>>> print(open('model-v5.pdb').read())   # PDB, C-alpha atoms
ATOM      1  CA  MET A1347      33.356  19.868  45.531
ATOM      2  CA  ALA A1348      32.040  22.100  48.314
ATOM      3  CA  THR A1349      28.627  23.718  48.026
ATOM      4  CA  ALA A1350      29.254  26.280  50.790
ATOM      5  CA  VAL A1351      32.207  28.127  52.285
ATOM      6  CA  THR A1352      32.441  29.940  55.623
ATOM      7  CA  CYS A1353      33.231  33.665  55.489
ATOM      8  CA  ARG A1354      35.197  35.595  58.049
ATOM      9  CA  ALA A1355      33.354  36.405  61.267
ATOM     10  CA  PRO A1356      31.907  39.942  61.208
ATOM     11  CA  ALA A1357      33.574  42.216  63.735
ATOM     12  CA  TRP A1358      30.208  43.263  65.194
ATOM     13  CA  VAL A1359      28.991  39.794  66.269
ATOM     14  CA  ASP A1360      28.986  39.341  70.055
ATOM     15  CA  GLY A1361      31.095  36.575  71.516
ATOM     16  CA  VAL A1362      33.157  35.942  68.383
ATOM     17  CA  GLN A1363      36.930  36.267  68.628
ATOM     18  CA  ILE A1364      38.394  37.901  65.534
ATOM     19  CA  SER A1365      41.899  38.646  64.303
ATOM     20  CA  GLY A1366      43.463  41.996  63.479
ATOM     21  CA  ALA A1367      43.298  41.121  59.778
ATOM     22  CA  GLU A1368      39.564  40.486  60.076
ATOM     23  CA  MET A1369      39.085  43.836  61.809
ATOM     24  CA  ARG A1370      41.072  45.664  59.121
ATOM     25  CA  ALA A1371      39.080  44.017  56.342
ATOM     26  CA  ALA A1372      35.773  44.830  58.030
ATOM     27  CA  VAL A1373      36.565  48.434  58.932
ATOM     28  CA  PHE A1374      39.033  49.840  56.410
ATOM     29  CA  TYR A1375      38.203  47.916  53.228
ATOM     30  CA  GLY A1376      34.827  49.610  53.157
ATOM     31  CA  ILE A1377      36.504  53.033  53.348
ATOM     32  CA  TRP A1378      39.631  52.819  51.227
ATOM     33  CA  GLN A1379      39.944  51.418  47.731
ATOM     34  CA  THR A1380      43.674  51.975  47.264
ATOM     35  CA  PRO A1381      46.713  52.463  49.513
ATOM     36  CA  GLY A1382      48.352  55.882  49.592
ATOM     37  CA  LEU A1383      48.586  59.192  51.422
ATOM     38  CA  VAL A1384      45.652  60.419  53.487
ATOM     39  CA  ARG A1385      47.139  63.706  54.695
ATOM     40  CA  GLY A1386      50.563  65.220  55.348
ATOM     41  CA  LEU A1387      53.796  63.181  55.093
ATOM     42  CA  ARG A1388      55.054  65.156  52.072
ATOM     43  CA  ALA A1389      58.725  65.600  52.936
ATOM     44  CA  THR A1390      60.756  68.799  52.493
ATOM     45  CA  GLN A1391      64.240  70.017  53.322
ATOM     46  CA  ILE A1392      65.059  70.937  56.910
ATOM     47  CA  PRO A1393      65.163  74.719  57.675
ATOM     48  CA  THR A1394      68.965  74.818  57.463
ATOM     49  CA  PRO A1395      69.614  72.297  54.708
ATOM     50  CA  GLY A1396      71.729  69.290  55.654
ATOM     51  CA  MET A1397      71.678  65.527  55.292
ATOM     52  CA  ALA A1398      68.159  65.140  56.616
ATOM     53  CA  ILE A1399      64.569  65.624  55.481
ATOM     54  CA  ARG A1400      61.567  66.959  57.370
ATOM     55  CA  VAL A1401      58.412  64.814  57.363
ATOM     56  CA  PRO A1402      55.265  66.646  58.507
ATOM     57  CA  ALA A1403      52.666  64.952  60.675
ATOM     58  CA  GLY A1404      50.117  62.955  58.756
ATOM     59  CA  GLN A1405      48.718  59.577  57.844
ATOM     60  CA  CYS A1406      48.962  56.982  55.098
ATOM     61  CA  VAL A1407      47.306  53.614  54.537
ATOM     62  CA  ILE A1408      49.111  50.446  53.463
ATOM     63  CA  SER A1409      47.516  47.321  52.007
ATOM     64  CA  ASP A1410      47.800  44.359  54.373
ATOM     65  CA  GLY A1411      47.413  41.858  51.527
ATOM     66  CA  GLN A1412      44.291  40.395  53.164
ATOM     67  CA  ASN A1413      41.524  42.708  51.882
ATOM     68  CA  GLY A1414      42.295  45.297  54.521
ATOM     69  CA  PHE A1415      44.413  48.398  55.059
ATOM     70  CA  ILE A1416      46.812  49.439  57.809
ATOM     71  CA  PRO A1417      46.761  53.101  58.828
ATOM     72  CA  LEU A1418      50.144  54.572  59.814
ATOM     73  CA  GLU A1419      49.997  57.910  61.587
ATOM     74  CA  LEU A1420      52.883  60.233  62.357
ATOM     75  CA  ALA A1421      51.722  62.344  65.286
ATOM     76  CA  ALA A1422      54.343  65.101  65.077
ATOM     77  CA  THR A1423      56.635  66.580  62.424
ATOM     78  CA  THR A1424      59.912  64.657  62.449
ATOM     79  CA  ASP A1425      63.343  65.024  60.828
ATOM     80  CA  LEU A1426      64.904  61.846  59.400
ATOM     81  CA  ASP A1427      68.620  61.516  58.656
ATOM     82  CA  ILE A1428      70.040  60.718  55.223
ATOM     83  CA  ASP A1429      73.288  58.726  55.043
ATOM     84  CA  PRO A1430      76.368  60.582  53.768
ATOM     85  CA  ALA A1431      76.627  60.853  49.998
ATOM     86  CA  SER A1432      79.021  58.795  47.903
ATOM     87  CA  LEU A1433      81.923  60.889  46.659
ATOM     88  CA  THR A1434      81.780  59.360  43.176
ATOM     89  CA  ASN A1435      78.231  58.338  42.263
ATOM     90  CA  PRO A1436      74.661  59.536  42.928
ATOM     91  CA  ARG A1437      72.021  57.340  44.533
ATOM     92  CA  ILE A1438      68.284  57.320  45.217
ATOM     93  CA  ASP A1439      66.952  56.802  48.744
ATOM     94  CA  SER A1440      63.312  56.147  49.590
ATOM     95  CA  LEU A1441      61.054  57.261  52.413
ATOM     96  CA  ILE A1442      58.662  54.401  53.112
ATOM     97  CA  GLY A1443      55.833  53.503  55.434
ATOM     98  CA  GLU A1444      56.403  50.016  56.828
ATOM     99  CA  PHE A1445      54.307  47.514  58.782
ATOM    100  CA  VAL A1446      55.510  44.100  59.969
ATOM    101  CA  ASP A1447      52.785  42.021  61.606
ATOM    102  CA  GLY A1448      54.194  40.575  64.802
ATOM    103  CA  GLY A1449      51.248  40.782  67.173
ATOM    104  CA  ALA A1450      52.000  42.969  70.183
ATOM    105  CA  GLY A1451      55.538  43.404  68.839
ATOM    106  CA  SER A1452      54.494  44.628  65.395
ATOM    107  CA  ILE A1453      56.663  47.188  63.633
ATOM    108  CA  ARG A1454      54.847  50.279  62.339
ATOM    109  CA  ARG A1455      57.067  53.127  61.236
ATOM    110  CA  LEU A1456      58.326  55.530  58.596
ATOM    111  CA  ARG A1457      61.950  54.962  57.623
ATOM    112  CA  ILE A1458      64.612  55.861  55.079
ATOM    113  CA  ILE A1459      65.857  53.054  52.829
ATOM    114  CA  THR A1460      69.296  53.890  51.453
ATOM    115  CA  GLY A1461      69.886  53.195  47.778
ATOM    116  CA  THR A1462      73.008  51.968  46.008
ATOM    117  CA  PRO A1463      75.309  54.571  44.382
ATOM    118  CA  ALA A1464      75.632  54.114  40.618
ATOM    119  CA  GLY A1465      76.172  56.096  37.460
ATOM    120  CA  SER A1466      72.449  55.649  36.714
ATOM    121  CA  PRO A1467      70.954  54.870  40.128
ATOM    122  CA  SER A1468      67.652  53.091  40.741
ATOM    123  CA  GLU A1469      65.282  53.391  43.674
ATOM    124  CA  PRO A1470      65.952  50.736  46.352
ATOM    125  CA  ALA A1471      64.088  47.436  46.080
ATOM    126  CA  LEU A1472      61.177  46.791  48.433
ATOM    127  CA  PRO A1473      60.335  45.146  50.773
ATOM    128  CA  PRO A1474      63.570  45.984  52.624
ATOM    129  CA  ALA A1475      66.102  43.174  52.809
ATOM    130  CA  ASP A1476      66.017  43.277  56.632
ATOM    131  CA  GLN A1477      62.201  42.961  56.731
ATOM    132  CA  PRO A1478      61.219  40.616  53.863
ATOM    133  CA  THR A1479      57.652  40.135  55.163
ATOM    134  CA  ALA A1480      56.932  43.852  55.554
ATOM    135  CA  ARG A1481      53.908  45.523  54.025
ATOM    136  CA  TRP A1482      55.053  48.856  52.652
ATOM    137  CA  LEU A1483      54.271  52.082  50.836
ATOM    138  CA  ARG A1484      56.967  54.036  49.001
ATOM    139  CA  ILE A1485      56.128  57.618  49.974
ATOM    140  CA  ALA A1486      58.973  59.596  48.396
ATOM    141  CA  ASN A1487      62.299  59.258  46.606
ATOM    142  CA  ILE A1488      65.298  61.381  47.555
ATOM    143  CA  ALA A1489      67.968  62.112  44.941
ATOM    144  CA  VAL A1490      71.333  62.124  46.718
ATOM    145  CA  GLY A1491      73.948  63.578  44.396
ATOM    146  CA  ALA A1492      77.588  62.575  44.470
ATOM    147  CA  GLY A1493      79.470  64.475  47.148
ATOM    148  CA  VAL A1494      76.525  66.582  48.324
ATOM    149  CA  SER A1495      76.297  67.775  51.917
ATOM    150  CA  SER A1496      72.638  68.776  51.977
ATOM    151  CA  ILE A1497      69.241  67.694  50.659
ATOM    152  CA  LEU A1498      66.918  70.312  49.173
ATOM    153  CA  THR A1499      63.186  70.111  48.612
ATOM    154  CA  SER A1500      63.913  69.977  44.873
ATOM    155  CA  ASN A1501      65.734  66.666  45.486
ATOM    156  CA  ILE A1502      62.614  65.077  47.026
ATOM    157  CA  SER A1503      59.852  63.589  44.871
ATOM    158  CA  THR A1504      56.609  62.359  46.414
ATOM    159  CA  VAL A1505      55.761  59.176  44.515
ATOM    160  CA  ALA A1506      52.828  57.817  46.551
ATOM    161  CA  ASP A1507      49.373  58.587  45.224
ATOM    162  CA  ASN A1508      46.612  59.860  47.479
ATOM    163  CA  ALA A1509      44.577  57.006  48.952
ATOM    164  CA  ARG A1510      41.203  56.790  47.243
ATOM    165  CA  HIS A1511      37.857  56.167  48.884
ATOM    166  CA  HIS A1512      35.557  53.472  47.609
ATOM    167  CA  GLY A1513      33.228  54.832  44.981
ATOM    168  CA  HIS A1514      35.454  57.632  43.646
ATOM    169  CA  LEU A1515      38.304  57.156  41.182
ATOM    170  CA  PHE A1516      40.592  59.943  40.007
ATOM    171  CA  ILE A1517      43.762  60.281  37.961
ATOM    172  CA  ARG A1518      45.668  63.357  36.748
ATOM    173  CA  LYS A1519      48.146  63.177  33.884
ATOM    174  CA  SER A1520      51.540  64.381  35.133
ATOM    175  CA  SER A1521      53.526  64.691  31.891
ATOM    176  CA  ASN A1522      52.901  65.503  28.231
ATOM    177  CA  GLN A1523      52.560  62.703  25.681
ATOM    178  CA  SER A1524      52.872  63.094  21.905
ATOM    179  CA  LEU A1525      52.169  61.038  18.788
ATOM    180  CA  PRO A1526      53.494  62.050  15.348
ATOM    181  CA  SER A1527      52.635  60.581  11.934
ATOM    182  CA  SER A1528      50.116  58.009  13.135
ATOM    183  CA  THR A1529      46.375  57.440  12.892
ATOM    184  CA  THR A1530      46.614  54.224  14.952
ATOM    185  CA  MET A1531      44.954  54.537  18.341
ATOM    186  CA  GLN A1532      47.352  54.371  21.291
ATOM    187  CA  ASN A1533      46.601  53.990  24.987
ATOM    188  CA  ASP A1534      47.103  57.145  26.986
ATOM    189  CA  SER A1535      50.011  56.697  29.389
ATOM    190  CA  ALA A1536      48.024  57.880  32.419
ATOM    191  CA  LEU A1537      44.306  58.321  31.748
ATOM    192  CA  ARG A1538      42.971  54.946  32.834
ATOM    193  CA  LEU A1539      40.743  53.814  35.694
ATOM    194  CA  THR A1540      40.175  50.313  37.074
ATOM    195  CA  ILE A1541      36.497  49.556  37.695
ATOM    196  CA  GLU A1542      34.805  46.711  39.537
ATOM    197  CA  PRO A1543      32.734  44.092  37.677
ATOM    198  CA  GLN A1544      28.965  44.337  37.216
ATOM    199  CA  THR A1545      28.848  47.943  38.410
ATOM    200  CA  ARG A1546      27.700  51.236  36.917
ATOM    201  CA  TYR A1547      29.806  54.390  37.034
ATOM    202  CA  ARG A1548      29.370  57.920  35.796
ATOM    203  CA  PHE A1549      32.568  59.545  34.520
ATOM    204  CA  HIS A1550      34.096  62.871  33.516
ATOM    205  CA  LEU A1551      37.291  63.336  31.499
ATOM    206  CA  MET A1552      38.892  66.726  30.876
ATOM    207  CA  LEU A1553      41.299  66.390  27.946
ATOM    208  CA  ALA A1554      43.951  69.067  27.326
ATOM    209  CA  TYR A1555      45.452  68.602  23.870
ATOM    210  CA  GLY A1556      47.123  70.257  20.905
ATOM    211  CA  VAL A1557      46.848  69.271  17.231
ATOM    212  CA  ARG A1558      46.933  70.938  13.796
ATOM    213  CA  SER A1559      43.624  71.930  12.196
ATOM    214  CA  ASP A1560      44.515  70.044   8.991
ATOM    215  CA  THR A1561      45.295  66.947  11.090
ATOM    216  CA  ASP A1562      42.651  66.882  13.848
ATOM    217  CA  GLY A1563      42.591  64.142  16.439
ATOM    218  CA  LYS A1564      40.315  61.285  17.413
ATOM    219  CA  VAL A1565      39.507  59.605  20.713
ATOM    220  CA  LYS A1566      37.845  56.455  21.965
ATOM    221  CA  PHE A1567      37.768  54.234  25.057
ATOM    222  CA  ALA A1568      39.144  50.731  25.527
ATOM    223  CA  VAL A1569      36.786  49.009  27.973
ATOM    224  CA  PRO A1570      36.575  45.680  29.820
ATOM    225  CA  ALA A1571      34.872  42.680  28.229
ATOM    226  CA  ASN A1572      31.074  43.027  28.099
ATOM    227  CA  ALA A1573      31.197  46.680  29.205
ATOM    228  CA  THR A1574      28.850  49.213  27.615
ATOM    229  CA  MET A1575      29.006  53.013  27.543
ATOM    230  CA  ASP A1576      26.741  55.982  26.859
ATOM    231  CA  TRP A1577      28.697  59.224  26.537
ATOM    232  CA  VAL A1578      28.972  62.604  24.880
ATOM    233  CA  ILE A1579      31.850  64.884  23.964
ATOM    234  CA  SER A1580      32.139  68.659  23.819
ATOM    235  CA  SER A1581      35.102  69.907  21.777
ATOM    236  CA  LYS A1582      36.078  71.899  18.726
ATOM    237  CA  ALA A1583      34.748  69.776  15.901
ATOM    238  CA  GLY A1584      36.952  67.958  13.457
ATOM    239  CA  ALA A1585      36.715  68.318   9.680
ATOM    240  CA  GLY A1586      33.236  67.632   8.335
ATOM    241  CA  GLN A1587      31.538  67.910  11.734
ATOM    242  CA  ALA A1588      29.283  70.600  13.158
ATOM    243  CA  ASP A1589      31.680  73.061  14.801
ATOM    244  CA  GLY A1590      31.459  73.130  18.597
ATOM    245  CA  ASN A1591      34.013  75.928  18.973
ATOM    246  CA  SER A1592      31.244  78.541  19.122
ATOM    247  CA  GLY A1593      29.941  77.090  22.365
ATOM    248  CA  THR A1594      27.138  75.089  20.744
ATOM    249  CA  PRO A1595      28.598  71.574  20.555
ATOM    250  CA  ALA A1596      26.737  68.748  18.838
ATOM    251  CA  TRP A1597      25.752  66.273  21.546
ATOM    252  CA  ASP A1598      25.691  63.046  19.519
ATOM    253  CA  LEU A1599      25.171  60.069  21.816
ATOM    254  CA  LEU A1600      28.213  57.813  21.649
ATOM    255  CA  ASP A1601      28.861  54.252  22.832
ATOM    256  CA  GLN A1602      31.783  51.950  23.667
ATOM    257  CA  GLY A1603      32.736  51.629  20.003
ATOM    258  CA  SER A1604      32.562  55.299  19.058
ATOM    259  CA  GLU A1605      35.595  57.151  17.747
ATOM    260  CA  PRO A1606      34.737  60.877  17.451
ATOM    261  CA  ARG A1607      37.115  63.448  15.967
ATOM    262  CA  ILE A1608      38.343  66.450  17.939
ATOM    263  CA  GLY A1609      39.368  69.590  16.093
ATOM    264  CA  GLY A1610      42.755  71.250  15.871
ATOM    265  CA  TRP A1611      43.797  74.895  15.764
ATOM    266  CA  THR A1612      45.730  76.539  12.904
ATOM    267  CA  THR A1613      48.859  74.846  11.531
ATOM    268  CA  ASN A1614      50.586  74.097  14.825
ATOM    269  CA  ASN A1615      50.086  71.996  17.932
ATOM    270  CA  THR A1616      51.092  74.654  20.443
ATOM    271  CA  SER A1617      47.619  76.115  21.066
ATOM    272  CA  LYS A1618      46.156  74.198  23.999
ATOM    273  CA  MET A1619      42.659  72.920  23.273
ATOM    274  CA  GLY A1620      40.127  71.390  25.635
ATOM    275  CA  ALA A1621      37.567  68.611  25.312
ATOM    276  CA  ILE A1622      35.067  67.288  27.851
ATOM    277  CA  LEU A1623      34.079  63.604  27.686
ATOM    278  CA  GLN A1624      31.365  62.457  30.084
ATOM    279  CA  GLY A1625      28.698  59.802  30.495
ATOM    280  CA  SER A1626      28.114  56.437  32.137
ATOM    281  CA  ILE A1627      29.576  52.961  31.851
ATOM    282  CA  TRP A1628      28.335  49.506  32.803
ATOM    283  CA  SER A1629      31.529  47.696  33.790
ATOM    284  CA  GLY A1630      30.742  44.210  32.455
ATOM    285  CA  ASP A1631      33.547  41.891  33.551
ATOM    286  CA  GLY A1632      35.447  44.743  35.228
ATOM    287  CA  GLY A1633      38.978  45.955  34.553
ATOM    288  CA  ASP A1634      40.633  48.981  32.980
ATOM    289  CA  VAL A1635      38.874  51.808  31.143
ATOM    290  CA  ILE A1636      41.557  53.519  29.038
ATOM    291  CA  LEU A1637      41.429  56.656  26.934
ATOM    292  CA  GLN A1638      42.882  56.059  23.459
ATOM    293  CA  TRP A1639      43.782  58.744  20.941
ATOM    294  CA  ALA A1640      45.596  59.411  17.675
ATOM    295  CA  GLN A1641      45.814  61.847  14.778
ATOM    296  CA  ASP A1642      42.844  61.730  12.424
ATOM    297  CA  THR A1643      45.100  62.548   9.452
ATOM    298  CA  SER A1644      48.747  61.547   9.668
ATOM    299  CA  ASN A1645      51.175  64.460  10.018
ATOM    300  CA  ALA A1646      54.781  64.769  11.200
ATOM    301  CA  THR A1647      53.716  67.510  13.617
ATOM    302  CA  PRO A1648      52.590  65.411  16.594
ATOM    303  CA  MET A1649      49.331  65.479  18.459
ATOM    304  CA  ILE A1650      49.977  66.227  22.126
ATOM    305  CA  VAL A1651      47.929  65.323  25.185
ATOM    306  CA  TYR A1652      49.032  67.639  27.957
ATOM    307  CA  ALA A1653      49.817  67.182  31.628
ATOM    308  CA  GLY A1654      46.872  68.316  33.745
ATOM    309  CA  SER A1655      44.300  66.234  31.876
ATOM    310  CA  THR A1656      42.068  64.435  34.372
ATOM    311  CA  PHE A1657      39.851  61.347  34.391
ATOM    312  CA  GLU A1658      37.473  60.553  37.247
ATOM    313  CA  ALA A1659      34.521  58.287  37.902
ATOM    314  CA  TRP A1660      31.899  57.818  40.610
ATOM    315  CA  ARG A1661      30.223  54.520  41.401
ATOM    316  CA  ALA A1662      26.493  54.913  40.821
ATOM    317  CA  ALA A1663      25.048  51.404  41.239
TER     318      ALA A1663
END
>>> encode(input="model-v5.pdb", output="structure tokens")
Amino acid sequence: MATAVTCRAPAWVDGVQISGAEMRAAVFYGIWQTPGLVRGLRATQIPTPGMAIRVPAGQCVISDGQNGFIPLELAATTDLDIDPASLTNPRIDSLIGEFVDGGAGSIRRLRIITGTPAGSPSEPALPPADQPTARWLRIANIAVGAGVSSILTSNISTVADNARHHGHLFIRKSSNQSLPSSTTMQNDSALRLTIEPQTRYRFHLMLAYGVRSDTDGKVKFAVPANATMDWVISSKAGAGQADGNSGTPAWDLLDQGSEPRIGGWTTNNTSKMGAILQGSIWSGDGGDVILQWAQDTSNATPMIVYAGSTFEAWRAA
């Protein structure tokens, strides 16, 4: 068994030859935590709609699989052609960023990958069949209807997230989620963050929800092994709690095992309510921090957590 292992040569040491992968790890890994869009590149229809899309100038970063990131920059707005539509079935095409490491002959480009027409089409598989070693980022999907002669902005869906800097994590819920007739905690479908081990973060969660007042809701966090939390919640109180709806919430100090109730409004779930959850977390072994929620009293009228809810964290130590 070895008692020591040599690390990669730092890029700033004189007289040491280093590879491109070493440079990317040294320079970009300290900046970016995740691949994604940096600016621009959100495609739209061309001015006179046809079988093409317009990609504005911008930049994205792609993971190189070696602890580094590859920046791809489009210097000028460019139109990219879409293959003719099938006359019988729809398909889904993808706009991707692609990097193939070949030294001086490396490929670095944005391209359209054409999908397969089908009654229920799927996005094309990646990496592309003609570049099996490519590193890639799926930027957008383009819905190509059967027999269409033009692509509209409404047919284009940006699917790449924004690239995130080290130290700041952010997620926004993009669709509503509901739970009827259940007091069993479920994981939220979107409100989760992945945190590094043995690190402290401060966090803020804005929860948009709807629930009946005779049902109420409850929330808690699922955390990594050995993680600990100190947090507070400001919301309309549930049954039997001091009411925070007047603007004077009870700031009980909560921990990683706490399961506070959040109050509902009248006998429906259509009035949007808000709750603020904030505090700090010691990450323990590292992993996912997930918001969980359920009805406090079972009722066939579901509790809803609305799109627009956000969860973010900042590395503090």
>>> resolve_selection(input="model-v5.pdb", expression="the PyMOL selection byres ((chain A and resi 1420) around 7)", output="PyMOL selection string")
chain A and resi 1403-1405+1418-1419+1421-1422
>>> residues_around(input="model-v5.pdb", residues="Pro1606 (chain A)", least_positions_apart="3", cutoff="9 Å", atoms="all atoms listed in the file", output="PyMOL selection string")
chain A and resi 1563-1566+1579+1584+1600
>>> residues_around(input="model-v5.pdb", residues="region 1638-1641 of chain A", least_positions_apart="4", cutoff="7 Å", atoms="only C-alpha atoms", output="PyMOL selection string")
chain A and resi 1525+1528-1534+1561-1568+1649
>>> write_last_selection(input="model-v5.pdb", atoms="C-alpha atoms", output="PDB file, keeping the file's coordinate frame")
ATOM      1  CA  LEU A1525      52.169  61.038  18.788  1.00  0.00           C
ATOM      2  CA  SER A1528      50.116  58.009  13.135  1.00  0.00           C
ATOM      3  CA  THR A1529      46.375  57.440  12.892  1.00  0.00           C
ATOM      4  CA  THR A1530      46.614  54.224  14.952  1.00  0.00           C
ATOM      5  CA  MET A1531      44.954  54.537  18.341  1.00  0.00           C
ATOM      6  CA  GLN A1532      47.352  54.371  21.291  1.00  0.00           C
ATOM      7  CA  ASN A1533      46.601  53.990  24.987  1.00  0.00           C
ATOM      8  CA  ASP A1534      47.103  57.145  26.986  1.00  0.00           C
ATOM      9  CA  THR A1561      45.295  66.947  11.090  1.00  0.00           C
ATOM     10  CA  ASP A1562      42.651  66.882  13.848  1.00  0.00           C
ATOM     11  CA  GLY A1563      42.591  64.142  16.439  1.00  0.00           C
ATOM     12  CA  LYS A1564      40.315  61.285  17.413  1.00  0.00           C
ATOM     13  CA  VAL A1565      39.507  59.605  20.713  1.00  0.00           C
ATOM     14  CA  LYS A1566      37.845  56.455  21.965  1.00  0.00           C
ATOM     15  CA  PHE A1567      37.768  54.234  25.057  1.00  0.00           C
ATOM     16  CA  ALA A1568      39.144  50.731  25.527  1.00  0.00           C
ATOM     17  CA  MET A1649      49.331  65.479  18.459  1.00  0.00           C
TER      18      MET A1649
END
>>> resolve_selection(input="model-v5.pdb", expression="the PyMOL selection byres ((chain A and resi 1547) around 8)", output="ChimeraX atom specification")
/A:1545-1546,1548-1549,1626-1629,1659-1663
>>> atom_distance(input="model-v5.pdb", atom1="CA of Gly1491 (chain A)", atom2="CA of Ser1432 (chain A)")
7.8 Å
>>> residues_around(input="model-v5.pdb", residues="Asn1508 (chain A)", least_positions_apart="2", cutoff="7 Å", atoms="only C-alpha atoms", output="ChimeraX atom specification")
/A:1382-1384,1506,1510
>>> write_last_selection(input="model-v5.pdb", atoms="C-alpha atoms", output="short mmCIF file (atom, residue, chain, number, x, y, z; two decimals), in the frame of the given file")
data_model
loop_
_atom_site.label_atom_id
_atom_site.label_comp_id
_atom_site.auth_asym_id
_atom_site.auth_seq_id
_atom_site.Cartn_x
_atom_site.Cartn_y
_atom_site.Cartn_z
CA GLY A 1382 48.35 55.88 49.59
CA LEU A 1383 48.59 59.19 51.42
CA VAL A 1384 45.65 60.42 53.49
CA ALA A 1506 52.83 57.82 46.55
CA ARG A 1510 41.20 56.79 47.24
#
>>> closest_residue(input="model-v5.pdb", among="A:Ile1392, A:Leu1637, A:Ala1480, A:Leu1553", to="Gly1448 (chain A)", atoms="only C-alpha atoms")
A:Ala1480
>>> residues_around(input="model-v5.pdb", residues="Pro1436 (chain A)", least_positions_apart="4", cutoff="6 Å", atoms="all atoms listed in the file", output="list in words")
Pro1463, Ala1464, Val1490, Gly1491 and Ala1492 of chain A
>>> write_last_selection(input="model-v5.pdb", atoms="C-alpha atoms", output="PDB file, keeping the file's coordinate frame")
ATOM      1  CA  PRO A1463      75.309  54.571  44.382  1.00  0.00           C
ATOM      2  CA  ALA A1464      75.632  54.114  40.618  1.00  0.00           C
ATOM      3  CA  VAL A1490      71.333  62.124  46.718  1.00  0.00           C
ATOM      4  CA  GLY A1491      73.948  63.578  44.396  1.00  0.00           C
ATOM      5  CA  ALA A1492      77.588  62.575  44.470  1.00  0.00           C
TER       6      ALA A1492
END
>>> closest_residue(input="model-v5.pdb", among="A:Asp1439, A:Asn1487, A:Ile1453, A:Ala1509", to="Cys1406 (chain A)", atoms="all atoms listed in the file")
A:Ala1509
>>> resolve_selection(input="model-v5.pdb", expression="the PyMOL selection byres ((chain A and resi 1631-1636) around 6)", output="list in words")
Arg1538, Leu1539, Thr1540, Ile1541, Glu1542, Pro1543, Phe1567, Ala1568, Val1569, Pro1570, Ala1571, Ser1629, Gly1630 and Leu1637 of chain A
>>> closest_residue(input="model-v5.pdb", among="A:Asn1615, A:Thr1390, A:Ser1452, A:Ser1468", to="Ile1502 (chain A)", atoms="only C-alpha atoms")
A:Thr1390
>>> atom_distance(input="model-v5.pdb", atom1="CA of Val1651 (chain A)", atom2="CA of Gly1603 (chain A)")
21.1 Å
>>> residues_around(input="model-v5.pdb", residues="Arg1481 (chain A)", least_positions_apart="2", cutoff="7 Å", atoms="all atoms listed in the file", output="list of chain:residue names")
A:Ile1408, A:Ser1409, A:Asp1410, A:Glu1444, A:Phe1445, A:Val1446, A:Thr1479
>>> closest_residue(input="model-v5.pdb", among="A:Val1505, A:Gly1443, A:Gln1624, A:Asp1642", to="Glu1605 (chain A)", atoms="all atoms listed in the file")
A:Asp1642
>>> closest_residue(input="model-v5.pdb", among="A:Ser1496, A:Thr1394, A:Ser1535, A:Ser1617", to="Ser1521 (chain A)", atoms="all atoms listed in the file")
A:Ser1535
>>> closest_residue(input="model-v5.pdb", among="A:Gly1654, A:Gly1625, A:Gly1620, A:Gly1556", to="Trp1577 (chain A)", atoms="all atoms listed in the file")
A:Gly1625
>>> atom_distance(input="model-v5.pdb", atom1="CA of Lys1582 (chain A)", atom2="CA of Phe1657 (chain A)")
19.3 Å
